[in-house]
>>> print(open('target-v4.tsv').read())   # TSV, N, CA and C atoms
chain	number	residue	atom	x	y	z
A	521	MET	N	4.73	3.34	-13.04
A	521	MET	CA	3.86	3.47	-11.89
A	521	MET	C	4.70	3.84	-10.66
A	522	SER	N	4.08	4.60	-9.79
A	522	SER	CA	4.76	4.99	-8.56
A	522	SER	C	4.67	3.86	-7.53
A	523	LEU	N	5.45	3.98	-6.47
A	523	LEU	CA	5.40	3.01	-5.39
A	523	LEU	C	3.98	2.92	-4.82
A	524	GLY	N	3.36	4.06	-4.59
A	524	GLY	CA	2.01	4.08	-4.06
A	524	GLY	C	1.00	3.38	-4.96
A	525	GLU	N	1.12	3.63	-6.25
A	525	GLU	CA	0.22	2.98	-7.21
A	525	GLU	C	0.42	1.46	-7.20
A	526	ASN	N	1.68	1.05	-7.06
A	526	ASN	CA	1.97	-0.39	-7.01
A	526	ASN	C	1.44	-1.03	-5.74
A	527	ILE	N	1.59	-0.35	-4.62
A	527	ILE	CA	1.04	-0.88	-3.37
A	527	ILE	C	-0.46	-1.10	-3.54
A	528	ARG	N	-1.14	-0.11	-4.08
A	528	ARG	CA	-2.59	-0.22	-4.28
A	528	ARG	C	-2.93	-1.36	-5.24
A	529	LYS	N	-2.22	-1.44	-6.35
A	529	LYS	CA	-2.49	-2.48	-7.35
A	529	LYS	C	-2.32	-3.87	-6.76
A	530	PHE	N	-1.22	-4.11	-6.06
A	530	PHE	CA	-0.97	-5.44	-5.49
A	530	PHE	C	-1.91	-5.74	-4.33
A	531	ARG	N	-2.28	-4.72	-3.56
A	531	ARG	CA	-3.22	-4.91	-2.46
A	531	ARG	C	-4.58	-5.36	-3.00
A	532	ILE	N	-5.04	-4.67	-4.00
A	532	ILE	CA	-6.34	-5.01	-4.60
A	532	ILE	C	-6.28	-6.39	-5.25
A	533	ALA	N	-5.17	-6.69	-5.92
A	533	ALA	CA	-5.02	-8.00	-6.57
A	533	ALA	C	-5.10	-9.14	-5.56
A	534	LYS	N	-4.67	-8.89	-4.32
A	534	LYS	CA	-4.76	-9.91	-3.27
A	534	LYS	C	-6.09	-9.88	-2.54
A	535	GLY	N	-6.96	-8.98	-2.93
A	535	GLY	CA	-8.27	-8.88	-2.29
A	535	GLY	C	-8.20	-8.31	-0.88
A	536	MET	N	-7.20	-7.50	-0.63
A	536	MET	CA	-7.02	-6.91	0.70
A	536	MET	C	-7.60	-5.50	0.75
A	537	THR	N	-8.09	-5.13	1.92
A	537	THR	CA	-8.47	-3.75	2.16
A	537	THR	C	-7.26	-3.01	2.70
A	538	GLN	N	-7.36	-1.70	2.78
A	538	GLN	CA	-6.27	-0.94	3.40
A	538	GLN	C	-6.10	-1.36	4.86
A	539	GLU	N	-7.19	-1.68	5.52
A	539	GLU	CA	-7.15	-2.11	6.91
A	539	GLU	C	-6.41	-3.45	7.07
A	540	THR	N	-6.71	-4.39	6.16
A	540	THR	CA	-6.08	-5.71	6.31
A	540	THR	C	-4.59	-5.66	5.97
A	541	LEU	N	-4.18	-4.71	5.14
A	541	LEU	CA	-2.74	-4.53	4.90
A	541	LEU	C	-2.10	-3.81	6.08
A	542	ALA	N	-2.78	-2.84	6.63
A	542	ALA	CA	-2.22	-2.03	7.71
A	542	ALA	C	-1.96	-2.84	8.98
A	543	GLU	N	-2.88	-3.73	9.32
A	543	GLU	CA	-2.82	-4.44	10.60
A	543	GLU	C	-1.50	-5.17	10.85
A	544	PRO	N	-1.05	-6.06	9.97
A	544	PRO	CA	0.21	-6.77	10.27
A	544	PRO	C	1.45	-5.87	10.19
A	545	LEU	N	1.29	-4.68	9.59
A	545	LEU	CA	2.41	-3.74	9.49
A	545	LEU	C	2.46	-2.78	10.68
A	546	TYR	N	1.43	-2.88	11.55
A	546	TYR	CA	1.33	-2.01	12.73
A	546	TYR	C	1.28	-0.53	12.36
A	547	VAL	N	0.52	-0.24	11.30
A	547	VAL	CA	0.27	1.13	10.90
A	547	VAL	C	-1.24	1.30	10.76
A	548	SER	N	-1.68	2.52	10.59
A	548	SER	CA	-3.11	2.77	10.41
A	548	SER	C	-3.49	2.63	8.94
A	549	SER	N	-4.77	2.43	8.71
A	549	SER	CA	-5.24	2.38	7.32
A	549	SER	C	-5.05	3.74	6.66
A	550	CYS	N	-5.05	4.81	7.46
A	550	CYS	CA	-4.77	6.15	6.93
A	550	CYS	C	-3.36	6.24	6.37
A	551	ALA	N	-2.40	5.57	7.02
A	551	ALA	CA	-1.03	5.55	6.52
A	551	ALA	C	-0.98	4.85	5.17
A	552	VAL	N	-1.65	3.71	5.05
A	552	VAL	CA	-1.68	2.99	3.78
A	552	VAL	C	-2.31	3.86	2.71
A	553	SER	N	-3.38	4.55	3.05
A	553	SER	CA	-4.05	5.45	2.11
A	553	SER	C	-3.10	6.54	1.62
A	554	LYS	N	-2.33	7.11	2.53
A	554	LYS	CA	-1.37	8.15	2.15
A	554	LYS	C	-0.28	7.60	1.25
A	555	TRP	N	0.18	6.37	1.52
A	555	TRP	CA	1.18	5.75	0.63
A	555	TRP	C	0.60	5.61	-0.76
A	556	GLU	N	-0.63	5.10	-0.84
A	556	GLU	CA	-1.25	4.82	-2.13
A	556	GLU	C	-1.53	6.10	-2.92
A	557	ARG	N	-1.74	7.21	-2.24
A	557	ARG	CA	-1.97	8.49	-2.90
A	557	ARG	C	-0.67	9.26	-3.11
A	558	ASP	N	0.46	8.63	-2.78
A	558	ASP	CA	1.79	9.24	-2.92
A	558	ASP	C	1.92	10.54	-2.13
A	559	GLU	N	1.21	10.62	-1.00
A	559	GLU	CA	1.34	11.78	-0.12
A	559	GLU	C	2.56	11.63	0.79
A	560	CYS	N	2.93	10.39	1.05
A	560	CYS	CA	4.14	10.11	1.82
A	560	CYS	C	4.61	8.70	1.46
A	561	LEU	N	5.79	8.36	1.90
A	561	LEU	CA	6.36	7.04	1.62
A	561	LEU	C	6.43	6.23	2.90
A	562	PRO	N	6.30	4.92	2.78
A	562	PRO	CA	6.49	4.09	3.97
A	562	PRO	C	7.94	4.17	4.43
A	563	ASP	N	8.15	3.91	5.70
A	563	ASP	CA	9.51	3.84	6.24
A	563	ASP	C	10.26	2.74	5.49
A	564	SER	N	11.50	2.99	5.17
A	564	SER	CA	12.28	2.02	4.39
A	564	SER	C	12.38	0.66	5.10
A	565	ALA	N	12.36	0.64	6.41
A	565	ALA	CA	12.43	-0.62	7.15
A	565	ALA	C	11.16	-1.44	6.96
A	566	GLN	N	10.05	-0.80	6.58
A	566	GLN	CA	8.79	-1.50	6.38
A	566	GLN	C	8.66	-2.12	5.00
A	567	LEU	N	9.49	-1.70	4.06
A	567	LEU	CA	9.33	-2.14	2.68
A	567	LEU	C	9.38	-3.66	2.50
A	568	PRO	N	10.32	-4.37	3.13
A	568	PRO	CA	10.30	-5.83	2.98
A	568	PRO	C	9.02	-6.46	3.54
A	569	CYS	N	8.51	-5.92	4.63
A	569	CYS	CA	7.27	-6.44	5.22
A	569	CYS	C	6.08	-6.17	4.31
A	570	ILE	N	6.05	-4.99	3.71
A	570	ILE	CA	4.96	-4.65	2.77
A	570	ILE	C	5.00	-5.61	1.59
A	571	ALA	N	6.19	-5.82	1.04
A	571	ALA	CA	6.33	-6.74	-0.09
A	571	ALA	C	5.89	-8.15	0.30
A	572	ASP	N	6.28	-8.59	1.49
A	572	ASP	CA	5.88	-9.93	1.95
A	572	ASP	C	4.37	-10.03	2.07
A	573	GLU	N	3.73	-9.04	2.67
A	573	GLU	CA	2.28	-9.06	2.84
A	573	GLU	C	1.56	-9.08	1.49
A	574	LEU	N	2.15	-8.40	0.51
A	574	LEU	CA	1.53	-8.34	-0.82
A	574	LEU	C	1.94	-9.51	-1.71
A	575	GLY	N	2.91	-10.30	-1.24
A	575	GLY	CA	3.33	-11.47	-2.00
A	575	GLY	C	4.14	-11.16	-3.24
A	576	VAL	N	4.92	-10.09	-3.18
A	576	VAL	CA	5.76	-9.70	-4.31
A	576	VAL	C	7.17	-9.41	-3.82
A	577	SER	N	8.10	-9.37	-4.75
A	577	SER	CA	9.46	-8.99	-4.40
A	577	SER	C	9.55	-7.46	-4.29
A	578	LEU	N	10.63	-7.00	-3.70
A	578	LEU	CA	10.85	-5.55	-3.64
A	578	LEU	C	10.98	-4.97	-5.04
A	579	ASP	N	11.59	-5.73	-5.95
A	579	ASP	CA	11.71	-5.27	-7.34
A	579	ASP	C	10.34	-4.99	-7.94
A	580	ARG	N	9.42	-5.92	-7.78
A	580	ARG	CA	8.07	-5.73	-8.33
A	580	ARG	C	7.33	-4.62	-7.61
A	581	LEU	N	7.53	-4.51	-6.30
A	581	LEU	CA	6.89	-3.45	-5.55
A	581	LEU	C	7.30	-2.08	-6.09
A	582	PHE	N	8.56	-1.96	-6.48
A	582	PHE	CA	9.06	-0.70	-7.02
A	582	PHE	C	8.85	-0.56	-8.52
A	583	GLY	N	8.22	-1.56	-9.13
A	583	GLY	CA	7.87	-1.45	-10.54
A	583	GLY	C	8.94	-1.87	-11.52
A	584	ARG	N	9.95	-2.59	-11.04
A	584	ARG	CA	10.96	-3.09	-11.96
A	584	ARG	C	10.34	-4.16	-12.83
A	585	LYS	N	10.68	-4.16	-14.09
A	585	LYS	CA	10.05	-5.04	-15.06
A	585	LYS	C	10.55	-6.47	-15.01
A	586	ALA	N	11.79	-6.66	-14.65
A	586	ALA	CA	12.35	-8.02	-14.63
A	586	ALA	C	11.65	-8.85	-13.56
A	587	VAL	N	11.35	-10.08	-13.89
A	587	VAL	CA	10.71	-10.98	-12.94
A	587	VAL	C	11.79	-11.78	-12.23
A	588	ALA	N	11.78	-11.73	-10.93
A	588	ALA	CA	12.76	-12.45	-10.13
A	588	ALA	C	12.36	-13.92	-10.03
A	589	LEU	N	13.34	-14.77	-10.00
A	589	LEU	CA	13.10	-16.19	-9.84
A	589	LEU	C	12.34	-16.48	-8.55
A	590	SER	N	12.61	-15.70	-7.51
A	590	SER	CA	11.91	-15.90	-6.24
A	590	SER	C	10.42	-15.63	-6.38
A	591	ASP	N	10.04	-14.67	-7.24
A	591	ASP	CA	8.62	-14.40	-7.49
A	591	ASP	C	7.95	-15.59	-8.15
A	592	ILE	N	8.63	-16.18	-9.11
A	592	ILE	CA	8.08	-17.35	-9.81
A	592	ILE	C	7.92	-18.50	-8.83
A	593	ALA	N	8.95	-18.74	-8.03
A	593	ALA	CA	8.89	-19.83	-7.05
A	593	ALA	C	7.78	-19.58	-6.04
A	594	TYR	N	7.64	-18.34	-5.59
A	594	TYR	CA	6.59	-17.99	-4.63
A	594	TYR	C	5.21	-18.26	-5.23
A	595	ASN	N	5.01	-17.83	-6.46
A	595	ASN	CA	3.71	-18.02	-7.11
A	595	ASN	C	3.40	-19.50	-7.30
A	596	ILE	N	4.38	-20.29	-7.65
A	596	ILE	CA	4.18	-21.73	-7.79
A	596	ILE	C	3.81	-22.33	-6.45
A	597	PHE	N	4.52	-21.93	-5.41
A	597	PHE	CA	4.26	-22.43	-4.06
A	597	PHE	C	2.84	-22.08	-3.63
A	598	GLN	N	2.42	-20.83	-3.88
A	598	GLN	CA	1.07	-20.40	-3.52
A	598	GLN	C	0.02	-21.19	-4.30
A	599	PHE	N	0.29	-21.45	-5.56
A	599	PHE	CA	-0.66	-22.17	-6.40
A	599	PHE	C	-0.83	-23.61	-5.93
A	600	THR	N	0.28	-24.23	-5.55
A	600	THR	CA	0.21	-25.63	-5.14
A	600	THR	C	-0.41	-25.80	-3.77
A	601	GLU	N	-0.34	-24.78	-2.92
A	601	GLU	CA	-0.94	-24.85	-1.59
A	601	GLU	C	-2.41	-24.44	-1.61
A	602	GLY	N	-2.80	-23.64	-2.62
A	602	GLY	CA	-4.13	-23.06	-2.67
A	602	GLY	C	-5.17	-24.04	-2.99
>>> encode(input="target-v4.tsv", output="structure tokens")
Amino acid sequence: MSLGENIRKFRIAKGMTQETLAEPLYVSSCAVSKWERDECLPDSAQLPCIADELGVSLDRLFGRKAVALSDIAYNIFQFTEG
């Protein structure tokens, strides 16, 4: 999967709209749409913020198969707080 496809997949999995992802990143929903359609890439400085908003590691955002320990810890933390 491409970066754009992963952004879309994780955004939908969190129940977010393009607008709700765009707002904390200080970009337009049109920018998010372009990322998801692989028309352009987000600025590299935004990637950690995108991953944080989506609740995944940069590895998962880029489609790496290995699961990071931080992802497991994050998911456990989210589950226990939810």
>>> residues_around(input="target-v4.tsv", residues="range 568-574 of chain A", least_positions_apart="6", cutoff="6.5 Å", atoms="all atoms listed in the file", output="count of residues only")
3
>>> atom_distance(input="target-v4.tsv", atom1="CA of Glu556 in chain A", atom2="CA of Met521 in chain A")
11.1 Å
>>> atom_distance(input="target-v4.tsv", atom1="atom C of Arg580 in chain A", atom2="atom N of Ile527 in chain A")
7.8 Å
>>> residues_around(input="target-v4.tsv", residues="Gly583 in chain A", least_positions_apart="3", cutoff="8 Å", atoms="only N, CA and C atoms", output="list in words")
Met521, Ser522, Leu523, Asn526, Ser577, Leu578, Asp579, Arg580 and Ala586 of chain A
>>> residues_around(input="target-v4.tsv", residues="Trp555 in chain A", least_positions_apart="6", cutoff="6.5 Å", atoms="all atoms listed in the file", output="list in words")
Leu523, Gly524, Glu525, Leu561 and Pro562 of chain A
>>> atom_distance(input="target-v4.tsv", atom1="atom N of Ser553 in chain A", atom2="atom N of Thr540 in chain A")
10.0 Å
>>> select_by_dssp(input="target-v4.tsv", residues="chain A", states="helix (DSSP H, G or I)", output="count of residues only")
55
>>> closest_residue(input="target-v4.tsv", among="A:Asp563, A:Glu601, A:Asp558, A:Asp591", to="Val576 in chain A", atoms="only N, CA and C atoms")
A:Asp591
>>> closest_residue(input="target-v4.tsv", among="A:Arg557, A:Arg528, A:Ile592, A:Gln566", to="Leu545 in chain A", atoms="only C-alpha atoms")
A:Gln566
>>> closest_residue(input="target-v4.tsv", among="A:Phe582, A:Gly575, A:Tyr594, A:Leu589", to="Lys534 in chain A", atoms="only N, CA and C atoms")
A:Gly575
>>> axis_aligned_box(input="target-v4.tsv", around="range 581-596 of chain A", padding_each_side="4 Å", output="JSON")
{"center_x": 8.4, "center_y": -11.4, "center_z": -9.8, "size_x": 17.9, "size_y": 29.8, "size_z": 18.4}
>>> decode(input="target-v4.tsv", residues="range 568-580 of chain A", atoms="all heavy atoms", output="JSON list (two decimals), in the first residue's frame")
[["chain", "number", "residue", "atom", "x", "y", "z"],
["A", 568, "PRO", "N", 5.49, 12.88, 11.51],
["A", 568, "PRO", "CA", 5.27, 12.44, 12.90],
["A", 568, "PRO", "C", 3.93, 12.90, 13.46],
["A", 568, "PRO", "O", 3.27, 12.14, 14.18],
["A", 568, "PRO", "CB", 6.43, 13.08, 13.67],
["A", 568, "PRO", "CG", 7.48, 13.33, 12.65],
["A", 568, "PRO", "CD", 6.73, 13.65, 11.39],
["A", 569, "CYS", "N", 3.50, 14.09, 13.10],
["A", 569, "CYS", "CA", 2.20, 14.60, 13.58],
["A", 569, "CYS", "C", 1.05, 13.81, 12.97],
["A", 569, "CYS", "O", 0.07, 13.51, 13.66],
["A", 569, "CYS", "CB", 2.06, 16.08, 13.24],
["A", 569, "CYS", "SG", 3.29, 17.13, 14.03],
["A", 570, "ILE", "N", 1.17, 13.46, 11.70],
["A", 570, "ILE", "CA", 0.13, 12.65, 11.05],
["A", 570, "ILE", "C", 0.04, 11.30, 11.74],
["A", 570, "ILE", "O", -1.05, 10.83, 12.07],
["A", 570, "ILE", "CB", 0.43, 12.49, 9.54],
["A", 570, "ILE", "CG1", 0.32, 13.84, 8.83],
["A", 570, "ILE", "CG2", -0.49, 11.46, 8.91],
["A", 570, "ILE", "CD1", 0.86, 13.85, 7.41],
["A", 571, "ALA", "N", 1.19, 10.68, 11.97],
["A", 571, "ALA", "CA", 1.20, 9.38, 12.65],
["A", 571, "ALA", "C", 0.59, 9.49, 14.04],
["A", 571, "ALA", "O", -0.21, 8.63, 14.44],
["A", 571, "ALA", "CB", 2.64, 8.84, 12.73],
["A", 572, "ASP", "N", 0.93, 10.54, 14.77],
["A", 572, "ASP", "CA", 0.36, 10.74, 16.11],
["A", 572, "ASP", "C", -1.15, 10.88, 16.05],
["A", 572, "ASP", "O", -1.87, 10.28, 16.86],
["A", 572, "ASP", "CB", 0.97, 11.97, 16.79],
["A", 572, "ASP", "CG", 2.40, 11.76, 17.24],
["A", 572, "ASP", "OD1", 2.87, 10.59, 17.26],
["A", 572, "ASP", "OD2", 3.05, 12.77, 17.57],
["A", 573, "GLU", "N", -1.65, 11.70, 15.13],
["A", 573, "GLU", "CA", -3.10, 11.90, 15.01],
["A", 573, "GLU", "C", -3.82, 10.60, 14.66],
["A", 573, "GLU", "O", -4.93, 10.37, 15.10],
["A", 573, "GLU", "CB", -3.42, 12.96, 13.96],
["A", 573, "GLU", "CG", -3.07, 14.37, 14.36],
["A", 573, "GLU", "CD", -3.81, 14.84, 15.60],
["A", 573, "GLU", "OE1", -5.01, 14.53, 15.74],
["A", 573, "GLU", "OE2", -3.20, 15.51, 16.43],
["A", 574, "LEU", "N", -3.15, 9.76, 13.87],
["A", 574, "LEU", "CA", -3.76, 8.50, 13.46],
["A", 574, "LEU", "C", -3.51, 7.37, 14.46],
["A", 574, "LEU", "O", -4.07, 6.28, 14.32],
["A", 574, "LEU", "CB", -3.25, 8.10, 12.06],
["A", 574, "LEU", "CG", -3.62, 9.07, 10.94],
["A", 574, "LEU", "CD1", -2.95, 8.67, 9.64],
["A", 574, "LEU", "CD2", -5.14, 9.15, 10.77],
["A", 575, "GLY", "N", -2.65, 7.63, 15.45],
["A", 575, "GLY", "CA", -2.39, 6.64, 16.48],
["A", 575, "GLY", "C", -1.55, 5.46, 16.02],
["A", 575, "GLY", "O", -1.73, 4.34, 16.51],
["A", 576, "VAL", "N", -0.64, 5.72, 15.09],
["A", 576, "VAL", "CA", 0.24, 4.66, 14.59],
["A", 576, "VAL", "C", 1.67, 5.16, 14.58],
["A", 576, "VAL", "O", 1.94, 6.36, 14.65],
["A", 576, "VAL", "CB", -0.16, 4.20, 13.16],
["A", 576, "VAL", "CG1", -1.56, 3.60, 13.16],
["A", 576, "VAL", "CG2", -0.06, 5.32, 12.15],
["A", 577, "SER", "N", 2.59, 4.23, 14.46],
["A", 577, "SER", "CA", 4.00, 4.60, 14.33],
["A", 577, "SER", "C", 4.28, 5.02, 12.88],
["A", 577, "SER", "O", 3.48, 4.74, 11.97],
["A", 577, "SER", "CB", 4.90, 3.42, 14.70],
["A", 577, "SER", "OG", 4.75, 2.39, 13.73],
["A", 578, "LEU", "N", 5.42, 5.66, 12.69],
["A", 578, "LEU", "CA", 5.82, 6.01, 11.32],
["A", 578, "LEU", "C", 6.02, 4.74, 10.49],
["A", 578, "LEU", "O", 5.71, 4.72, 9.30],
["A", 578, "LEU", "CB", 7.10, 6.85, 11.33],
["A", 578, "LEU", "CG", 6.90, 8.30, 11.74],
["A", 578, "LEU", "CD1", 8.25, 8.99, 11.93],
["A", 578, "LEU", "CD2", 6.07, 9.04, 10.72],
["A", 579, "ASP", "N", 6.52, 3.68, 11.11],
["A", 579, "ASP", "CA", 6.69, 2.42, 10.39],
["A", 579, "ASP", "C", 5.36, 1.93, 9.84],
["A", 579, "ASP", "O", 5.26, 1.56, 8.67],
["A", 579, "ASP", "CB", 7.27, 1.34, 11.30],
["A", 579, "ASP", "CG", 8.76, 1.49, 11.54],
["A", 579, "ASP", "OD1", 9.42, 2.17, 10.72],
["A", 579, "ASP", "OD2", 9.27, 0.93, 12.52],
["A", 580, "ARG", "N", 4.33, 1.92, 10.65],
["A", 580, "ARG", "CA", 3.01, 1.46, 10.18],
["A", 580, "ARG", "C", 2.43, 2.42, 9.16],
["A", 580, "ARG", "O", 1.80, 1.99, 8.21],
["A", 580, "ARG", "CB", 2.06, 1.30, 11.36],
["A", 580, "ARG", "CG", 2.43, 0.08, 12.18],
["A", 580, "ARG", "CD", 1.38, -0.38, 13.13],
["A", 580, "ARG", "NE", 0.15, -0.77, 12.45],
["A", 580, "ARG", "CZ", -1.05, -0.69, 13.00],
["A", 580, "ARG", "NH1", -1.19, -0.23, 14.22],
["A", 580, "ARG", "NH2", -2.11, -1.07, 12.34]]
